[in-house]
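The data block below is model_23.txt; it holds compact mmCIF, C-alpha atoms.
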# COMPACT_ATOMS: atom_id res chain seq x y z
CA MET A 20 40.67 -11.05 -11.82
CA GLU A 21 39.01 -10.42 -15.18
CA MET A 22 35.73 -8.57 -15.77
CA ARG A 23 33.47 -9.65 -18.66
CA ILE A 24 30.03 -8.78 -20.03
CA ILE A 25 27.71 -11.70 -19.27
CA SER A 26 24.23 -12.78 -20.35
CA GLU A 27 20.98 -12.24 -18.45
CA ASN A 28 20.71 -15.97 -17.82
CA THR A 29 24.26 -16.21 -16.41
CA LEU A 30 23.61 -13.25 -14.12
CA ASN A 31 20.24 -14.50 -12.85
CA THR A 32 21.47 -18.06 -12.25
CA PHE A 33 24.47 -16.86 -10.24
CA VAL A 34 22.39 -14.45 -8.15
CA GLU A 35 19.62 -16.95 -7.41
CA LYS A 36 22.10 -19.54 -6.10
CA SER A 37 24.13 -17.05 -4.07
CA SER A 38 23.87 -16.59 -0.31
CA ASN A 39 24.01 -12.87 -1.17
CA VAL A 40 20.87 -13.12 -3.32
CA HIS A 41 18.67 -10.07 -3.90
CA TYR A 42 16.02 -9.42 -6.52
CA MET A 43 17.56 -6.00 -7.31
CA LYS A 44 20.77 -7.69 -8.47
CA THR A 45 18.98 -9.46 -11.34
CA ALA A 46 18.28 -8.80 -15.01
CA MET A 47 14.60 -8.90 -14.04
CA TRP A 48 15.07 -5.76 -11.94
CA ALA A 49 17.07 -4.23 -14.80
CA ARG A 50 14.13 -4.88 -17.14
CA PHE A 51 11.76 -3.22 -14.68
CA LYS A 52 14.02 -0.17 -14.23
CA ARG A 53 14.40 0.21 -17.98
CA LYS A 54 10.59 0.30 -18.33
CA THR A 55 9.90 2.65 -15.42
CA ASP A 56 12.95 4.95 -15.21
CA GLY A 57 14.72 4.53 -18.54
CA ASP A 58 17.88 3.05 -16.98
CA THR A 59 20.40 1.37 -19.28
CA PRO A 60 21.68 -1.86 -17.68
CA SER A 61 24.94 -3.74 -18.06
CA PHE A 62 25.58 -7.24 -16.71
CA LEU A 63 29.12 -7.84 -15.47
CA GLY A 64 30.83 -11.05 -14.43
CA PHE A 65 34.07 -11.23 -12.47
CA TYR A 66 36.20 -14.28 -13.24
CA GLU A 67 39.25 -15.86 -11.68
CA ASN A 68 40.79 -18.73 -13.68
CA ASP A 69 37.58 -18.86 -15.74
CA GLU A 70 35.47 -19.36 -12.59
CA LEU A 71 32.67 -16.86 -12.06
CA LYS A 72 33.24 -15.32 -8.62
CA ALA A 73 30.91 -12.33 -8.66
CA THR A 74 28.33 -10.47 -10.72
CA ALA A 75 27.11 -6.89 -10.89
CA MET A 76 23.95 -5.52 -12.44
CA VAL A 77 24.91 -1.93 -13.29
CA LEU A 78 22.35 0.75 -14.12
CA LYS A 79 23.37 3.84 -16.08
CA ASN A 80 21.27 6.99 -16.14
CA THR A 81 21.32 10.79 -16.08
CA TRP A 82 19.44 12.99 -13.64
CA LEU A 83 19.40 16.75 -14.33
CA LEU A 84 22.59 16.38 -16.43
CA HIS A 85 24.30 14.30 -13.69
CA ARG A 86 25.55 11.04 -15.26
CA TYR A 87 25.97 8.12 -12.87
CA LEU A 88 26.27 4.36 -12.51
CA TYR A 89 24.40 2.49 -9.81
CA VAL A 90 24.80 -1.11 -8.62
CA PRO A 91 21.60 -1.81 -6.61
CA LEU A 92 22.36 -3.67 -3.37
CA GLY A 93 25.98 -3.98 -4.54
CA PRO A 94 27.72 -6.74 -6.48
CA CYS A 95 26.63 -10.32 -5.81
CA MET A 96 29.48 -12.32 -4.24
CA ASP A 97 30.89 -13.86 -1.10
CA TYR A 98 31.73 -10.75 0.92
CA THR A 99 33.81 -12.77 3.36
CA ASP A 100 36.41 -13.31 0.61
CA GLU A 101 38.54 -10.19 1.06
CA HIS A 102 40.54 -10.67 -2.15
CA VAL A 103 37.47 -11.10 -4.37
CA ARG A 104 35.68 -8.26 -2.63
CA ASN A 105 38.48 -5.74 -3.13
CA GLU A 106 39.13 -6.78 -6.73
CA VAL A 107 35.47 -6.47 -7.68
CA PHE A 108 35.13 -2.97 -6.24
CA ARG A 109 38.43 -1.92 -7.84
CA LEU A 110 37.26 -3.15 -11.26
CA LEU A 111 33.92 -1.41 -10.83
CA LYS A 112 35.77 1.88 -10.33
CA GLU A 113 37.64 1.32 -13.59
CA TYR A 114 34.40 0.47 -15.39
CA ALA A 115 32.77 3.65 -14.08
CA LYS A 116 35.75 5.75 -15.14
CA LYS A 117 35.55 4.38 -18.71
CA ASN A 118 31.85 5.30 -18.77
CA GLN A 119 32.78 8.90 -17.91
CA VAL A 120 30.19 9.31 -15.17
CA GLN A 121 30.10 11.74 -12.29
CA PHE A 122 29.87 9.04 -9.67
CA LEU A 123 29.39 5.32 -9.02
CA ARG A 124 26.95 4.34 -6.28
CA VAL A 125 26.73 1.00 -4.45
CA ASP A 126 24.76 -0.05 -1.36
CA PRO A 127 25.74 -3.66 -0.56
CA ASN A 128 23.23 -5.89 1.22
CA VAL A 129 25.85 -6.83 3.79
CA ILE A 130 24.64 -7.04 7.39
CA ARG A 131 26.67 -4.59 9.47
CA CYS A 132 26.62 -6.42 12.82
CA HIS A 133 24.49 -8.44 15.21
CA HIS A 134 21.56 -6.65 16.91
CA THR A 135 18.91 -7.63 19.41
CA ILE A 136 15.32 -7.16 18.22
CA THR A 137 15.27 -3.74 19.94
CA GLY A 138 18.39 -2.62 18.10
CA GLU A 139 21.10 -2.97 20.73
CA LEU A 140 24.47 -4.29 19.57
CA VAL A 141 25.31 -7.80 20.76
CA ASP A 142 28.72 -7.61 22.46
CA ASP A 143 29.98 -10.98 21.27
CA GLY A 144 28.12 -10.88 17.94
CA PHE A 145 29.55 -10.76 14.42
CA SER A 146 30.60 -7.60 12.57
CA ASN A 147 31.11 -6.84 8.87
CA GLU A 148 32.35 -3.29 9.35
CA CYS A 149 35.62 -4.44 7.77
CA VAL A 150 33.78 -4.27 4.42
CA THR A 151 32.99 -0.60 5.07
CA GLU A 152 36.61 0.13 5.97
CA ASP A 153 37.94 -1.65 2.86
CA LEU A 154 35.60 0.32 0.61
CA LYS A 155 36.74 3.56 2.20
CA LYS A 156 40.38 2.57 1.61
CA LEU A 157 39.51 2.03 -2.05
CA GLY A 158 38.27 5.61 -2.22
CA TYR A 159 34.53 5.11 -1.77
CA THR A 160 32.71 7.66 0.40
CA HIS A 161 30.40 6.14 3.01
CA LYS A 162 27.07 7.86 3.72
CA GLY A 163 27.36 6.61 7.30
CA TYR A 164 25.37 4.49 9.73
CA GLY A 165 22.51 6.97 10.06
CA TYR A 166 18.74 7.02 10.16
CA ALA A 167 16.98 4.95 7.52
CA TYR A 168 14.99 7.76 5.91
CA ASN A 169 17.97 9.99 5.13
CA GLY A 170 17.64 10.16 1.35
CA SER A 171 19.43 6.88 0.65
CA TRP A 172 18.28 5.02 -2.45
CA THR A 173 17.58 1.85 -0.47
CA ASN A 174 16.73 1.28 3.18
CA ARG A 175 19.57 0.06 5.44
CA TYR A 176 17.18 -1.49 7.94
CA THR A 177 14.79 -4.37 7.62
CA LEU A 178 13.33 -7.28 9.58
CA PHE A 179 13.85 -10.93 8.62
CA VAL A 180 11.52 -13.74 9.69
CA ASP A 181 13.25 -17.13 9.80
CA LEU A 182 11.17 -19.70 7.89
CA ASN A 183 13.69 -22.50 8.32
CA LYS A 184 11.42 -24.28 10.81
CA ASP A 185 7.94 -25.76 11.05
CA MET A 186 5.15 -23.29 10.33
CA LYS A 187 3.63 -23.98 13.75
CA ASP A 188 6.88 -22.76 15.30
CA VAL A 189 6.91 -19.69 13.05
CA ILE A 190 3.42 -18.74 14.24
CA ALA A 191 4.41 -19.54 17.82
CA GLY A 192 6.87 -16.65 17.49
CA TYR A 193 4.08 -14.18 16.70
CA ALA A 194 2.97 -11.72 19.38
CA LYS A 195 -0.33 -12.50 21.14
CA PRO A 196 -2.43 -9.96 19.15
CA ARG A 197 -1.38 -11.63 15.89
CA LYS A 198 -2.32 -15.10 17.15
CA THR A 199 -5.63 -13.78 18.53
CA ALA A 200 -6.47 -12.21 15.17
CA LEU A 201 -5.70 -15.43 13.28
CA ASN A 202 -7.94 -17.43 15.64
CA ARG A 203 -10.68 -14.87 15.19
CA HIS A 204 -10.34 -15.01 11.40
CA ALA A 205 -11.31 -18.68 11.44
CA VAL A 206 -14.64 -17.70 13.04
CA ILE A 207 -15.52 -14.66 10.93
CA GLY A 208 -14.62 -15.94 7.46
CA VAL A 209 -11.28 -14.28 6.72
CA SER A 210 -9.00 -16.13 4.32
CA THR A 211 -6.12 -15.44 1.93
CA ARG A 212 -5.55 -16.75 -1.59
CA ILE A 213 -2.96 -16.42 -4.33
CA GLY A 214 -4.04 -13.66 -6.69
CA SER A 215 -3.17 -12.46 -10.18
CA ALA A 216 -2.94 -9.31 -12.28
CA GLU A 217 -6.73 -9.16 -12.12
CA ASP A 218 -6.37 -8.20 -8.44
CA LEU A 219 -4.25 -5.11 -9.16
CA PRO A 220 -7.28 -2.77 -8.87
CA SER A 221 -7.67 -3.86 -5.22
CA LEU A 222 -3.97 -3.36 -4.50
CA MET A 223 -4.09 0.07 -6.11
CA ASP A 224 -7.28 1.09 -4.33
CA PHE A 225 -5.82 0.17 -0.93
CA GLU A 226 -2.61 2.08 -1.72
CA VAL A 227 -4.63 5.16 -2.66
CA GLN A 228 -6.44 4.93 0.69
CA LEU A 229 -3.09 4.96 2.47
CA SER A 230 -1.75 7.78 0.29
CA GLU A 231 -4.73 9.92 1.28
CA GLN A 232 -3.88 9.22 4.91
CA ASP A 233 -0.10 9.68 4.74
CA GLY A 234 0.29 12.03 1.79
CA PHE A 235 2.38 10.29 -0.89
CA LYS A 236 2.01 9.61 -4.61
CA PRO A 237 0.43 6.20 -5.31
CA HIS A 238 1.80 3.99 -8.09
CA SER A 239 0.16 3.58 -11.47
CA ARG A 240 -1.23 0.36 -12.88
CA LYS A 241 1.61 0.39 -15.44
CA PHE A 242 4.11 0.37 -12.56
CA PHE A 243 2.64 -2.74 -10.98
CA GLU A 244 2.14 -4.43 -14.35
CA ALA A 245 5.81 -3.77 -15.17
CA LEU A 246 6.83 -5.48 -11.91
CA LEU A 247 4.70 -8.53 -12.65
CA GLU A 248 5.88 -8.74 -16.26
CA SER A 249 9.55 -8.28 -15.35
CA PHE A 250 9.63 -10.89 -12.60
CA GLY A 251 7.20 -13.41 -14.05
CA GLU A 252 6.94 -16.51 -11.84
CA HIS A 253 9.10 -14.84 -9.19
CA ALA A 254 6.34 -12.31 -8.46
CA VAL A 255 3.25 -13.28 -6.50
CA ILE A 256 0.13 -11.45 -5.36
CA TYR A 257 -1.74 -12.42 -2.20
CA VAL A 258 -5.34 -11.35 -1.58
CA THR A 259 -7.10 -11.49 1.79
CA GLU A 260 -10.89 -11.58 1.70
CA ILE A 261 -13.74 -11.67 4.16
CA ASP A 262 -17.06 -13.46 3.80
CA LEU A 263 -19.42 -11.10 5.62
CA ASP A 264 -22.21 -13.69 5.67
CA THR A 265 -19.87 -15.98 7.65
CA MET A 266 -18.89 -13.08 9.91
CA ILE A 267 -22.50 -12.19 10.62
CA SER A 268 -23.60 -15.79 11.30
CA GLY A 269 -20.51 -16.35 13.45
CA ILE A 270 -21.24 -13.33 15.64
CA GLU A 271 -24.93 -14.25 15.86
CA ALA A 272 -23.97 -17.72 17.05
CA GLU A 273 -21.68 -16.22 19.70
CA LEU A 274 -24.44 -13.90 20.91
CA ALA A 275 -26.92 -16.79 21.04
CA SER A 276 -24.56 -18.80 23.23
CA LYS A 277 -23.86 -18.18 26.91
CA LYS A 278 -20.41 -16.74 26.09
CA TYR A 279 -21.29 -13.17 27.10
CA LYS A 280 -23.98 -13.92 29.72
CA LYS A 281 -21.91 -12.50 32.56
CA ASP A 282 -20.16 -9.79 30.58
CA PRO A 283 -22.69 -7.22 29.31
CA GLU A 284 -19.92 -4.83 28.20
CA ALA A 285 -18.36 -7.48 25.93
CA ARG A 286 -21.82 -8.40 24.63
CA ALA A 287 -22.55 -4.78 23.76
CA ALA A 288 -19.23 -4.58 21.87
CA LYS A 289 -20.09 -7.75 19.97
CA GLU A 290 -23.54 -6.39 19.08
CA LYS A 291 -21.87 -3.24 17.77
CA GLU A 292 -19.52 -5.40 15.68
CA LEU A 293 -22.52 -7.26 14.26
CA GLU A 294 -24.17 -3.98 13.32
CA LYS A 295 -20.96 -2.84 11.64
CA ALA A 296 -20.64 -6.11 9.69
CA SER A 297 -24.23 -5.77 8.46
CA GLY A 298 -23.53 -2.21 7.31
CA LEU A 299 -20.38 -3.29 5.46
CA LYS A 300 -22.29 -6.10 3.73
CA GLN A 301 -24.92 -3.65 2.59
CA LYS A 302 -22.18 -1.35 1.24
CA TYR A 303 -19.78 -3.88 -0.35
CA GLY A 304 -21.64 -7.16 -0.74
CA SER A 305 -20.98 -10.54 0.87
CA LYS A 306 -17.38 -11.29 -0.16
CA VAL A 307 -14.90 -8.42 -0.07
CA PRO A 308 -11.13 -8.15 -0.68
CA ILE A 309 -9.71 -6.40 2.38
CA ALA A 310 -5.91 -6.67 1.95
CA CYS A 311 -3.52 -7.22 -0.92
CA GLY A 312 0.24 -7.73 -1.20
CA LEU A 313 2.75 -7.96 -4.04
CA PHE A 314 5.83 -10.04 -3.22
CA VAL A 315 8.94 -11.25 -5.04
CA ARG A 316 10.80 -14.48 -4.23
CA LEU A 317 14.17 -15.67 -5.47
CA GLY A 318 16.43 -18.41 -4.15
CA HIS A 319 16.11 -18.67 -0.37
CA MET A 320 14.68 -15.13 0.02
CA SER A 321 11.34 -13.38 -0.37
CA TRP A 322 10.45 -9.68 -0.15
CA ASP A 323 7.19 -8.00 0.83
CA LEU A 324 7.27 -5.08 -1.63
CA TYR A 325 3.78 -3.60 -1.43
CA THR A 326 1.12 -4.65 1.08
CA TYR A 327 -1.97 -2.57 1.85
CA ASN A 328 -5.35 -3.08 3.45
CA HIS A 329 -8.87 -1.67 3.14
CA LYS A 330 -9.11 1.06 5.80
CA GLU A 331 -12.76 0.31 6.64
CA PHE A 332 -11.71 -3.21 7.63
CA ASN A 333 -8.74 -2.25 9.82
CA PHE A 334 -10.51 -3.67 12.86
CA ILE A 335 -10.34 -7.14 11.25
CA LYS A 336 -6.50 -7.02 11.07
CA PRO A 337 -6.48 -8.60 7.58
CA VAL A 338 -2.74 -8.19 6.99
CA ASP A 339 -2.10 -10.64 9.86
CA ASN A 340 -3.86 -13.29 7.81
CA LEU A 341 -2.03 -12.28 4.64
CA HIS A 342 1.41 -12.61 6.25
CA ALA A 343 0.64 -15.98 7.83
CA PHE A 344 -0.57 -17.34 4.48
CA ALA A 345 2.34 -15.77 2.56
CA MET A 346 4.93 -17.21 4.95
CA ASN A 347 3.49 -20.69 4.55
CA ASP A 348 3.36 -20.33 0.76
CA MET A 349 6.94 -19.02 0.66
CA LYS A 350 8.11 -21.99 2.72
CA GLU A 351 6.51 -24.34 0.20
CA HIS A 352 8.54 -22.60 -2.53
CA GLY A 353 11.84 -23.10 -0.68
CA VAL A 354 12.07 -19.66 0.92
CA LEU A 355 13.97 -19.65 4.21
CA THR A 356 14.13 -15.90 4.91
CA TYR A 357 11.07 -13.65 4.74
CA ASP A 358 12.11 -10.00 4.36
CA MET A 359 9.46 -7.63 5.71
CA CYS A 360 11.18 -4.83 3.78
CA GLY A 361 12.13 -1.79 5.73
CA PHE A 362 11.59 0.36 8.80
CA SER A 363 13.17 3.48 10.26
CA GLY A 364 16.01 1.71 12.04
CA THR A 365 15.03 2.72 15.55
CA ALA A 366 12.93 0.94 18.15
CA SER A 367 12.24 4.15 20.07
CA LYS A 368 8.61 4.97 20.76
CA ASP A 369 9.47 8.61 20.07
CA ASP A 370 10.15 7.79 16.42
CA PRO A 371 7.28 8.90 14.14
CA TYR A 372 7.48 5.54 12.34
CA TYR A 373 7.53 3.44 15.51
CA GLY A 374 4.14 1.91 14.70
CA LEU A 375 5.50 0.26 11.54
CA TYR A 376 8.41 -1.25 13.48
CA ALA A 377 6.15 -2.40 16.34
CA TYR A 378 3.77 -4.12 13.93
CA LYS A 379 6.48 -5.91 11.95
CA ARG A 380 8.26 -6.88 15.16
CA SER A 381 5.12 -8.72 16.29
CA PHE A 382 5.84 -11.47 13.74
CA GLY A 383 8.99 -12.57 15.58
CA PRO A 384 11.70 -11.31 13.18
CA GLU A 385 15.38 -10.43 13.49
CA PHE A 386 16.62 -6.82 13.45
CA ILE A 387 18.78 -6.33 10.34
CA GLU A 388 21.08 -3.36 9.68
CA GLN A 389 23.09 -3.24 6.46
CA ILE A 390 26.29 -1.28 5.87
CA GLY A 391 24.59 1.24 3.59
CA GLU A 392 25.43 3.55 0.74
CA PHE A 393 28.81 4.33 -0.84
CA ASP A 394 29.81 6.65 -3.68
CA TYR A 395 32.98 6.69 -5.73
CA VAL A 396 33.11 10.31 -6.85
CA PHE A 397 34.94 11.44 -9.99
CA ARG A 398 33.82 15.09 -9.94
CA SER A 399 33.49 16.42 -6.40
CA ARG A 400 31.98 19.84 -7.21
CA ALA A 401 29.38 18.32 -9.50
CA MET A 402 28.61 15.75 -6.80
CA LYS A 403 27.92 18.52 -4.29
CA ARG A 404 25.48 20.08 -6.73
CA PHE A 405 23.83 16.70 -7.34
CA ARG A 406 23.29 16.10 -3.63
CA PHE A 407 21.87 19.59 -3.09
CA GLU A 408 19.60 19.42 -6.14
CA LYS A 409 18.38 15.91 -5.30
CA LEU A 410 17.56 16.95 -1.74
CA ALA A 411 15.73 20.06 -2.92
CA VAL A 412 13.72 18.26 -5.62
CA ASN A 413 12.74 15.43 -3.26
CA HIS A 414 11.65 17.96 -0.65
CA VAL A 415 9.44 19.79 -3.14
CA LYS A 416 7.96 16.52 -4.40
CA ARG A 417 7.10 15.35 -0.88
CA LYS A 418 5.45 18.69 -0.09
CA TYR A 419 3.47 18.63 -3.33
CA TRP A 420 2.13 15.09 -2.95
CA ALA A 421 1.39 15.60 0.75
CA TYR A 422 -0.55 18.76 -0.08
CA ARG A 423 -2.42 17.11 -2.93
CA TYR A 424 -3.51 13.96 -1.08
CA LEU A 425 -3.89 15.23 2.48
CA LYS A 426 -5.99 18.11 1.20
CA LYS A 427 -8.09 15.61 -0.73
CA GLN A 428 -8.63 13.58 2.42
CA LYS A 429 -9.79 16.63 4.37
File written out as structure tokens:
Amino acid sequence: MEMRIISENTLNTFVEKSSNVHYMKTAMWARFKRKTDGDTPSFLGFYENDELKATAMVLKNTWLLHRYLYVPLGPCMDYTDEHVRNEVFRLLKEYAKKNQVQFLRVDPNVIRCHHTITGELVDDGFSNECVTEDLKKLGYTHKGYGYAYNGSWTNRYTLFVDLNKDMKDVIAGYAKPRKTALNRHAVIGVSTRIGSAEDLPSLMDFEVQLSEQDGFKPHSRKFFEALLESFGEHAVIYVTEIDLDTMISGIEAELASKKYKKDPEARAAKEKELEKASGLKQKYGSKVPIACGLFVRLGHMSWDLYTYNHKEFNFIKPVDNLHAFAMNDMKEHGVLTYDMCGFSGTASKDDPYYGLYAYKRSFGPEFIEQIGEFDYVFRSRAMKRFRFEKLAVNHVKRKYWAYRYLKKQK
């Protein structure tokens, strides 16, 4: 097998048509990382008899004097082809050695094995752990099959919604609260539209609201603009809005009917909702954006990168409407797999992030676990220092941003 430098167009075309497609494998992601983190990208093609068998988008950078190469989500190829797989990872080692780096990191988007939606292994299901074992034989160190939030550069766990069916069947797979919310939205004037860069202030405002609740650093406008500019037509913004005049008239019509005649408790709750809607209209006006999401789509896949909602409108469940609209729009653009992008990897109610899993699960997805992170280490002592320093710096950063934003909220 021969490794060659290839063009952006060759790389992007191969990735988009691949079953192993991922937006982080593209020159578009390289462009974004160059703008935001100063990474230097290289685009590699792996040929056999002049036929392109695999590609790798390689990022080079230095962190606190630690030089490294990183292949986000691993090389793009058919991972079931053992010969190609082993040759590509062998050639990547050689490339990293020539670049005189401390380590080479890869985290292939290869599904480890078959899980039920609650995370249990399916006895007669498939397994790709042979890829892990082959990488270890080639000298790569595996981070392991651990918890998602363990300092890895990408999340091993996600949830895929299958869009390769009629949209009515997709929605039929939603949990009852999601369906109830969508039906309610039709009455109270909630709708979703395709947005643009002009809607970034709403996205940013909603993220800040969440950061003040959870204690993390929100992204800058330049960050989101860089994403949109780098991905062009492959990036899309969705905006969910509510027409409070419609909501108010809808509730008034319900109260005027005999719907709550025999249920005074439900009527009182509806009157309280009407009062709240009137207060929100006075505060924000008639039509208000209440959720916003930034997605990327490529080939048969889409990814929900950043989705947030207005905290004062939580009771409306606006993100339910956003996801239903986005799934339908993605289907119309040829997307077959809707990646809800990350959760902790456990379905246990004891997990502090269980709520995120429970919510995403309610859209009828599949539980996806990938094989995770691997390093080929050239300087073991330096690598130990890197891991310690990275852990320490990340810990300090988390503490600082949590203190800054949680204190602000209080």
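You can rank A:Arg286, A:His134, A:Lys336, A:Lys79 by their closest distance to Val120 in chain A using all atoms listed in the file, and at the top of that list sits A:Lys79.
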Problem set entry | Spatial neighbours of Asp224 in chain A, max dist 10 Å, all atoms listed in the file, sep filter under 5 positions, as an MDAnalysis selection string | chainID A and resid 219 229:230 237 311 327:329
Could the residues in this selection be written to a file with C-alpha atoms, as a compact mmCIF listing (two decimals), in the frame of the given file?
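Written out: part-v8.txt:
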# COMPACT_ATOMS: atom_id res chain seq x y z
CA LEU A 219 -4.25 -5.11 -9.16
CA LEU A 229 -3.09 4.96 2.47
CA SER A 230 -1.75 7.78 0.29
CA PRO A 237 0.43 6.20 -5.31
CA CYS A 311 -3.52 -7.22 -0.92
CA TYR A 327 -1.97 -2.57 1.85
CA ASN A 328 -5.35 -3.08 3.45
CA HIS A 329 -8.87 -1.67 3.14
Problem set entry | Spatial neighbours of range 375-388 of chain A, max dist 10 Å, all atoms listed in the file, sep filter under 6 positions, as a ChimeraX atom specification | /A:128-139,164,167,174-182,189-198,339,342-343,356-368
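From CA of Leu123 in chain A back to CA of Cys95 in chain A, the distance works out to 16.2 Å.
Distances here use only C-alpha atoms; by that measure, the residue among A:Glu70, A:Glu294, A:Asp394, A:Asp58 closest to Met22 in chain A is A:Glu70.
Distances from A:Ile261, A:Val227, A:Met43, A:Leu78 to Ser249 in chain A were compared using only C-alpha atoms, and the smallest one belongs to A:Met43.
With all atoms listed in the file as the atoms that count, the residue of A:Leu313, A:Val141, A:Ile213, A:Ala115 with the shortest distance to Val396 in chain A is A:Ala115.
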For this session: Determine, counting all atoms listed in the file, which protein, DNA and RNA residues have an atom within 8 Å of an atom of range 415-423 of chain A; residues of the same chain fewer than 2 positions away are not included. Present the result as an MDAnalysis selection string.
Result: chainID A and resid 233:236 411:413 425:427
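Between CA of Phe393 in chain A and CA of Phe62 in chain A the interatomic distance comes to 19.9 Å.
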Exercise. Which of these residues is nearest to Leu110 in chain A, using only C-alpha atoms: A:Asp143, A:Thr74, A:Pro91, A:Val34?
Worked result: A:Thr74
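The spacing separating CA of Tyr257 in chain A from CA of Lys330 in chain A amounts to 17.3 Å.
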Go ahead and find all residues with at least one atom no further than 12 Å from (-8.9, -14.3, 9.6) in the file's coordinates, using all atoms listed in the file; report them as a PDB file with C-alpha atoms, keeping the file's coordinate frame.
ATOM      1  CA  ARG A 197      -1.380 -11.630  15.890  1.00  0.00           C
ATOM      2  CA  LYS A 198      -2.320 -15.100  17.150  1.00  0.00           C
ATOM      3  CA  THR A 199      -5.630 -13.780  18.530  1.00  0.00           C
ATOM      4  CA  ALA A 200      -6.470 -12.210  15.170  1.00  0.00           C
ATOM      5  CA  LEU A 201      -5.700 -15.430  13.280  1.00  0.00           C
ATOM      6  CA  ASN A 202      -7.940 -17.430  15.640  1.00  0.00           C
ATOM      7  CA  ARG A 203     -10.680 -14.870  15.190  1.00  0.00           C
ATOM      8  CA  HIS A 204     -10.340 -15.010  11.400  1.00  0.00           C
ATOM      9  CA  ALA A 205     -11.310 -18.680  11.440  1.00  0.00           C
ATOM     10  CA  VAL A 206     -14.640 -17.700  13.040  1.00  0.00           C
ATOM     11  CA  ILE A 207     -15.520 -14.660  10.930  1.00  0.00           C
ATOM     12  CA  GLY A 208     -14.620 -15.940   7.460  1.00  0.00           C
ATOM     13  CA  VAL A 209     -11.280 -14.280   6.720  1.00  0.00           C
ATOM     14  CA  SER A 210      -9.000 -16.130   4.320  1.00  0.00           C
ATOM     15  CA  THR A 211      -6.120 -15.440   1.930  1.00  0.00           C
ATOM     16  CA  ARG A 212      -5.550 -16.750  -1.590  1.00  0.00           C
ATOM     17  CA  THR A 259      -7.100 -11.490   1.790  1.00  0.00           C
ATOM     18  CA  GLU A 260     -10.890 -11.580   1.700  1.00  0.00           C
ATOM     19  CA  ILE A 261     -13.740 -11.670   4.160  1.00  0.00           C
ATOM     20  CA  ASP A 262     -17.060 -13.460   3.800  1.00  0.00           C
ATOM     21  CA  LEU A 263     -19.420 -11.100   5.620  1.00  0.00           C
ATOM     22  CA  THR A 265     -19.870 -15.980   7.650  1.00  0.00           C
ATOM     23  CA  MET A 266     -18.890 -13.080   9.910  1.00  0.00           C
ATOM     24  CA  ILE A 309      -9.710  -6.400   2.380  1.00  0.00           C
ATOM     25  CA  ALA A 310      -5.910  -6.670   1.950  1.00  0.00           C
ATOM     26  CA  PHE A 332     -11.710  -3.210   7.630  1.00  0.00           C
ATOM     27  CA  PHE A 334     -10.510  -3.670  12.860  1.00  0.00           C
ATOM     28  CA  ILE A 335     -10.340  -7.140  11.250  1.00  0.00           C
ATOM     29  CA  LYS A 336      -6.500  -7.020  11.070  1.00  0.00           C
ATOM     30  CA  PRO A 337      -6.480  -8.600   7.580  1.00  0.00           C
ATOM     31  CA  VAL A 338      -2.740  -8.190   6.990  1.00  0.00           C
ATOM     32  CA  ASP A 339      -2.100 -10.640   9.860  1.00  0.00           C
ATOM     33  CA  ASN A 340      -3.860 -13.290   7.810  1.00  0.00           C
ATOM     34  CA  LEU A 341      -2.030 -12.280   4.640  1.00  0.00           C
ATOM     35  CA  HIS A 342       1.410 -12.610   6.250  1.00  0.00           C
ATOM     36  CA  ALA A 343       0.640 -15.980   7.830  1.00  0.00           C
ATOM     37  CA  PHE A 344      -0.570 -17.340   4.480  1.00  0.00           C
TER      38      PHE A 344
END
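Taking only C-alpha atoms, the non-local environment of Val255 in chain A within 10 Å (same-chain residues fewer than 3 positions away omitted) comprises Ile213, Gly214, Ser215, Ala216, Leu247, Phe250, Gly251, Glu252, Gly312, Leu313, Phe314, Val315, Arg316, Asp323, Ala345 and Met349 of chain A.
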Could you save the residues just selected, with C-alpha atoms, as an mmCIF file, keeping the file's coordinate frame?
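Printed below is out-v7.cif as written:
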data_model
loop_
_atom_site.group_PDB
_atom_site.id
_atom_site.type_symbol
_atom_site.label_atom_id
_atom_site.label_comp_id
_atom_site.auth_asym_id
_atom_site.auth_seq_id
_atom_site.Cartn_x
_atom_site.Cartn_y
_atom_site.Cartn_z
ATOM 1 C CA ILE A 213 -2.960 -16.420 -4.330
ATOM 2 C CA GLY A 214 -4.040 -13.660 -6.690
ATOM 3 C CA SER A 215 -3.170 -12.460 -10.180
ATOM 4 C CA ALA A 216 -2.940 -9.310 -12.280
ATOM 5 C CA LEU A 247 4.700 -8.530 -12.650
ATOM 6 C CA PHE A 250 9.630 -10.890 -12.600
ATOM 7 C CA GLY A 251 7.200 -13.410 -14.050
ATOM 8 C CA GLU A 252 6.940 -16.510 -11.840
ATOM 9 C CA GLY A 312 0.240 -7.730 -1.200
ATOM 10 C CA LEU A 313 2.750 -7.960 -4.040
ATOM 11 C CA PHE A 314 5.830 -10.040 -3.220
ATOM 12 C CA VAL A 315 8.940 -11.250 -5.040
ATOM 13 C CA ARG A 316 10.800 -14.480 -4.230
ATOM 14 C CA ASP A 323 7.190 -8.000 0.830
ATOM 15 C CA ALA A 345 2.340 -15.770 2.560
ATOM 16 C CA MET A 349 6.940 -19.020 0.660
#
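Ranking A:Tyr395, A:Pro127, A:Lys403, A:Leu140 by their shortest atom-to-atom distance to Leu88 in chain A, with only C-alpha atoms included, puts A:Tyr395 first.
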For this session: Within 8 Å of Gln121 in chain A, counting only C-alpha atoms, which residues show up once you throw out same-chain ones fewer than 3 positions away? Write them as a PyMOL selection string, please.
Result: chain A and resi 85-87+396-398+401-402
